[in-house]
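Asker: Below: one structure in structure tokens.
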Amino acid sequence: MTPDQIATANHELRSKSPLEITRWAIAHGGGRAIVSTNFRPYEAAILHASVQAQPDIPVLWVDHGYNRPATYKHAEELRTRFKLNLQPFLPLMTPAHRDALYGPIPTTEDEAGLKRFSAVMKLEPFQRGMKTLAPAVWITALRKVQNPNRAELDILSPDANFGALKVSPFFYFTDADMEAYLAEHKLPNEWDYFDPAKADEKRECGLHAAWGKKAVNQ
């Protein structure tokens with residue numbers, strides 16, 4: 001889609017429900033739409049909308065091996081409940097191997113270390129997953145309120161890192177909107193989630209930032 005076409009579609013989709021947007025995305029994917037997840041809080045919503053629109057939609061999940069037990073249990077609950085066509089991609093290096101070589105997960109004081117961690121444990125397997133699944137449309141759970149970088153996006157945005165059209169059906173939902181959606185559909189949530197590749201909710205792990213594509217190739 002051209003920038004003008006994306007702008008027009010964003011204007012038209014602004015008044016649509018997440019399910020309507022998801023159905024639009026899948027229709028425009030030509031059989032090549034996927035949804036990604038990390039099973040963080042509120043992820044049940046995007047997975048619910050996606051399987052309502054296409055029950056067998058591929059679900060790309062990078063399991064970096066550092067998730068907390070509650071997150072793994074939540075992932076299994078949603079996988080079973082939605083009969084997810086889960087496509088897990090794992091790093092080439094195990095967490096134990098990485099920790100033995102490089103020590104504990106870097107903190108926010110070590111930005112370079114965090115980017116290296118993300119490149120090895122998250123970005124490389126995600127890029128491998130995207131090459132394998134080769135989506136034309138990538139459905140995400142991105143929302144405007146999550147951080148300043150995402151606030152500059154929209155429901156539709158071209159993705160330079162992976163060459164897909166990124167579609168975020170819940171982009172304009174607030175946390176209260178998300179809570180209401182979960183309640184309406186009786187969906188579970190999970191609050192113990194922690195992303196070691198971000199270390200802070202205001203940071204980007206690289207999947208949705210320009211530096212991510214370069215990081216893996218360095």
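Starting from 1 in every chain, residues are counted up; chains themselves are A, B, ... following the order of the structure tokens, and ligands are numbered from 1 as listed.
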List the spatial neighbours of range 63-65 of chain A as a PyMOL selection string - criterion: any atom at most 7 Å away, only C-alpha atoms, same-chain residues fewer than 6 positions off excluded.
Answerer: chain A and resi 88-91+95+121-122
Asker: So which residues of range 44-83 of chain A fall under strand (DSSP E) by DSSP, listed as JSON, numbers by chain?
Answerer: {"A": [58, 59, 60, 61, 62]}
Asker: For range 153-157 of chain A, please output as a ChimeraX atom specification all residues within 12 Å (counting only C-alpha atoms; exclusion window: fewer than 2 positions along the same chain).
Answerer: /A:1-18,21-22,24-25,28,137-151,159-173,208-209
Asker: Give me, as a VMD selection string, all polymer residues having an atom no more than 7 Å from Thr37 in chain A, counting only C-alpha atoms and skipping those fewer than 4 positions away in the same chain.
Answerer: chain A and resid 43 59 to 61
Asker: Set the distance at 8 Å and use only C-alpha atoms: which residues neighbour Ala44 in chain A once local chain neighbours fewer than 5 positions away are removed? I'd like the list as a ChimeraX atom specification.
Answerer: /A:39,78,182,187-189
Asker: Pick from A:Arg32, A:Arg98, A:His48, A:Arg23: nearest to Glu184 in chain A, with only C-alpha atoms counted?
Answerer: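 Residue with the minimum atom-to-atom distance to Glu184 in chain A: A:His48.
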Asker: Using CA of His185 in chain A and CA of Ala75 in chain A as the two end points, give the distance in Å to one decimal.
Answerer: 17.4 Å
Asker: Mind pulling up the distance from CA of Glu190 in chain A to CA of Thr174 in chain A?
Answerer: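 That distance, rounded to one decimal, is 17.0 Å.
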